[in-house]
Every structure is written in C-alpha cells, then in structure tokens.
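Following: one structure in structure tokens, then a few remarks.
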Amino acid sequence: MLSAAPQMWGLAAGPLVNTLMFLFISIPMADKRNRRERRGFDEYFRETNSLLPVRIKKAG
C-alpha cells in the first residue's frame with residue numbers, strides 16, 4: 001500500500017502505535033494486576049508467552 005501511495009504513510013502509523021502500546025503498556029499492566037490478584041499466576045507467567053497464551057516448551 002505504501003509503495004502505491006507514499007503520502008498515506010500515516011495509515012501504517014496507527015496499527016504500529018497500537019501494537020506497541022499493547023505490547024509495552026497493556027500486557028505489562030495486566031500481568032502486574034494478575035500477579036497481585038491470582039494465586040499461581042507467577043508459574044503460569046513463566047511458562048506462557050505474554051502475547052499469545054501458548055505454553056513454552058522447555059528444552060531438556
């Protein structure tokens with residue numbers, strides 16, 4: 001899209017800013033709240049990806 005209409009660069013900025021805010025503000029705030037309020041969340045946090053809730057396989 002940007003190669004066809006370079007003057008529309010602002011359209012790419014919105015999703016980028018939204019993703020960065022999600023990764024660096026929303027997810028950390030939710031994780032902090034969950035650590036305070038949910039028993040066993042620390043273990044879940046260590047074993048699970050923050051962005052996509054999929055268990056992380058440990059080597060060995």
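Letters A, B, ... go to the chains of the structure tokens in the order shown; residues in each chain start at 1; ligands are counted from 1 in the same order.
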Which residues are near region 21-31 of chain A? Cut-off 12 Å, only C-alpha atoms, ignore same chain within fewer than 5 positions. Put them as a ChimeraX atom specification. /A:14-16,36-38,41-42,44-46,48-53
Limited to N, CA, C and O atoms, could you put the picked residues into a file as a PDB file, in the first residue's frame?
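Okay, result_1.pdb is ready:
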```
ATOM      1  N   GLY A  14      -0.831   4.097  12.640  1.00  0.00           N
ATOM      2  CA  GLY A  14      -1.873   3.718  13.600  1.00  0.00           C
ATOM      3  C   GLY A  14      -1.731   2.299  14.110  1.00  0.00           C
ATOM      4  O   GLY A  14      -1.638   2.082  15.327  1.00  0.00           O
ATOM      5  N   PRO A  15      -1.688   1.297  13.236  1.00  0.00           N
ATOM      6  CA  PRO A  15      -1.516  -0.082  13.714  1.00  0.00           C
ATOM      7  C   PRO A  15      -0.190  -0.297  14.439  1.00  0.00           C
ATOM      8  O   PRO A  15      -0.129  -1.049  15.413  1.00  0.00           O
ATOM      9  N   LEU A  16       0.858   0.370  13.997  1.00  0.00           N
ATOM     10  CA  LEU A  16       2.156   0.231  14.659  1.00  0.00           C
ATOM     11  C   LEU A  16       2.097   0.772  16.088  1.00  0.00           C
ATOM     12  O   LEU A  16       2.526   0.107  17.033  1.00  0.00           O
ATOM     13  N   ARG A  36      -0.832  -9.775  41.470  1.00  0.00           N
ATOM     14  CA  ARG A  36      -1.375  -9.378  42.780  1.00  0.00           C
ATOM     15  C   ARG A  36      -2.617 -10.169  43.152  1.00  0.00           C
ATOM     16  O   ARG A  36      -2.810 -10.518  44.310  1.00  0.00           O
ATOM     17  N   GLU A  37      -3.465 -10.451  42.174  1.00  0.00           N
ATOM     18  CA  GLU A  37      -4.799 -10.959  42.475  1.00  0.00           C
ATOM     19  C   GLU A  37      -4.990 -12.463  42.280  1.00  0.00           C
ATOM     20  O   GLU A  37      -5.952 -13.013  42.793  1.00  0.00           O
ATOM     21  N   ARG A  38      -4.123 -13.124  41.551  1.00  0.00           N
ATOM     22  CA  ARG A  38      -4.344 -14.539  41.219  1.00  0.00           C
ATOM     23  C   ARG A  38      -3.230 -15.427  41.776  1.00  0.00           C
ATOM     24  O   ARG A  38      -2.060 -15.231  41.457  1.00  0.00           O
ATOM     25  N   PHE A  41      -0.251 -17.367  39.481  1.00  0.00           N
ATOM     26  CA  PHE A  41      -0.033 -16.661  38.218  1.00  0.00           C
ATOM     27  C   PHE A  41       1.448 -16.582  37.862  1.00  0.00           C
ATOM     28  O   PHE A  41       1.803 -16.623  36.685  1.00  0.00           O
ATOM     29  N   ASP A  42       2.332 -16.497  38.860  1.00  0.00           N
ATOM     30  CA  ASP A  42       3.768 -16.415  38.572  1.00  0.00           C
ATOM     31  C   ASP A  42       4.253 -17.635  37.789  1.00  0.00           C
ATOM     32  O   ASP A  42       5.009 -17.517  36.845  1.00  0.00           O
ATOM     33  N   TYR A  44       2.358 -19.638  35.915  1.00  0.00           N
ATOM     34  CA  TYR A  44       1.737 -19.533  34.591  1.00  0.00           C
ATOM     35  C   TYR A  44       2.503 -18.532  33.719  1.00  0.00           C
ATOM     36  O   TYR A  44       2.773 -18.785  32.552  1.00  0.00           O
ATOM     37  N   PHE A  45       2.901 -17.417  34.314  1.00  0.00           N
ATOM     38  CA  PHE A  45       3.617 -16.370  33.586  1.00  0.00           C
ATOM     39  C   PHE A  45       4.964 -16.874  33.075  1.00  0.00           C
ATOM     40  O   PHE A  45       5.365 -16.571  31.959  1.00  0.00           O
ATOM     41  N   ARG A  46       5.670 -17.642  33.892  1.00  0.00           N
ATOM     42  CA  ARG A  46       6.971 -18.182  33.488  1.00  0.00           C
ATOM     43  C   ARG A  46       6.841 -19.180  32.345  1.00  0.00           C
ATOM     44  O   ARG A  46       7.740 -19.315  31.523  1.00  0.00           O
ATOM     45  N   THR A  48       4.297 -19.347  30.001  1.00  0.00           N
ATOM     46  CA  THR A  48       3.407 -18.941  28.918  1.00  0.00           C
ATOM     47  C   THR A  48       3.896 -17.657  28.264  1.00  0.00           C
ATOM     48  O   THR A  48       4.358 -16.738  28.929  1.00  0.00           O
ATOM     49  N   ASN A  49       3.770 -17.586  26.951  1.00  0.00           N
ATOM     50  CA  ASN A  49       4.093 -16.389  26.190  1.00  0.00           C
ATOM     51  C   ASN A  49       3.082 -15.299  26.533  1.00  0.00           C
ATOM     52  O   ASN A  49       1.891 -15.555  26.598  1.00  0.00           O
ATOM     53  N   SER A  50       3.537 -14.057  26.710  1.00  0.00           N
ATOM     54  CA  SER A  50       2.630 -12.961  27.075  1.00  0.00           C
ATOM     55  C   SER A  50       1.712 -12.543  25.941  1.00  0.00           C
ATOM     56  O   SER A  50       0.560 -12.205  26.163  1.00  0.00           O
ATOM     57  N   LEU A  51       2.222 -12.550  24.723  1.00  0.00           N
ATOM     58  CA  LEU A  51       1.411 -12.079  23.604  1.00  0.00           C
ATOM     59  C   LEU A  51       0.386 -13.115  23.168  1.00  0.00           C
ATOM     60  O   LEU A  51      -0.790 -12.806  23.019  1.00  0.00           O
ATOM     61  N   LEU A  52       0.832 -14.336  22.955  1.00  0.00           N
ATOM     62  CA  LEU A  52      -0.072 -15.419  22.581  1.00  0.00           C
ATOM     63  C   LEU A  52      -0.027 -16.448  23.698  1.00  0.00           C
ATOM     64  O   LEU A  52       1.028 -17.014  23.964  1.00  0.00           O
ATOM     65  N   PRO A  53      -1.131 -16.703  24.375  1.00  0.00           N
ATOM     66  CA  PRO A  53      -1.113 -17.593  25.529  1.00  0.00           C
ATOM     67  C   PRO A  53      -0.901 -19.061  25.146  1.00  0.00           C
ATOM     68  O   PRO A  53      -1.796 -19.884  25.179  1.00  0.00           O
TER      69      PRO A  53
END
```
All helix (DSSP H, G or I) residues (DSSP, backbone) inside chain A, as an NGL selection string: :A and (6-8 or 10-37 or 41-47)
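When CA of Gly40 (chain A) is paired with CA of Val54 (chain A), their separation reads 16.6 Å.
Take CA of Asn18 (chain A) and CA of Arg35 (chain A): the distance between them is 24.3 Å.
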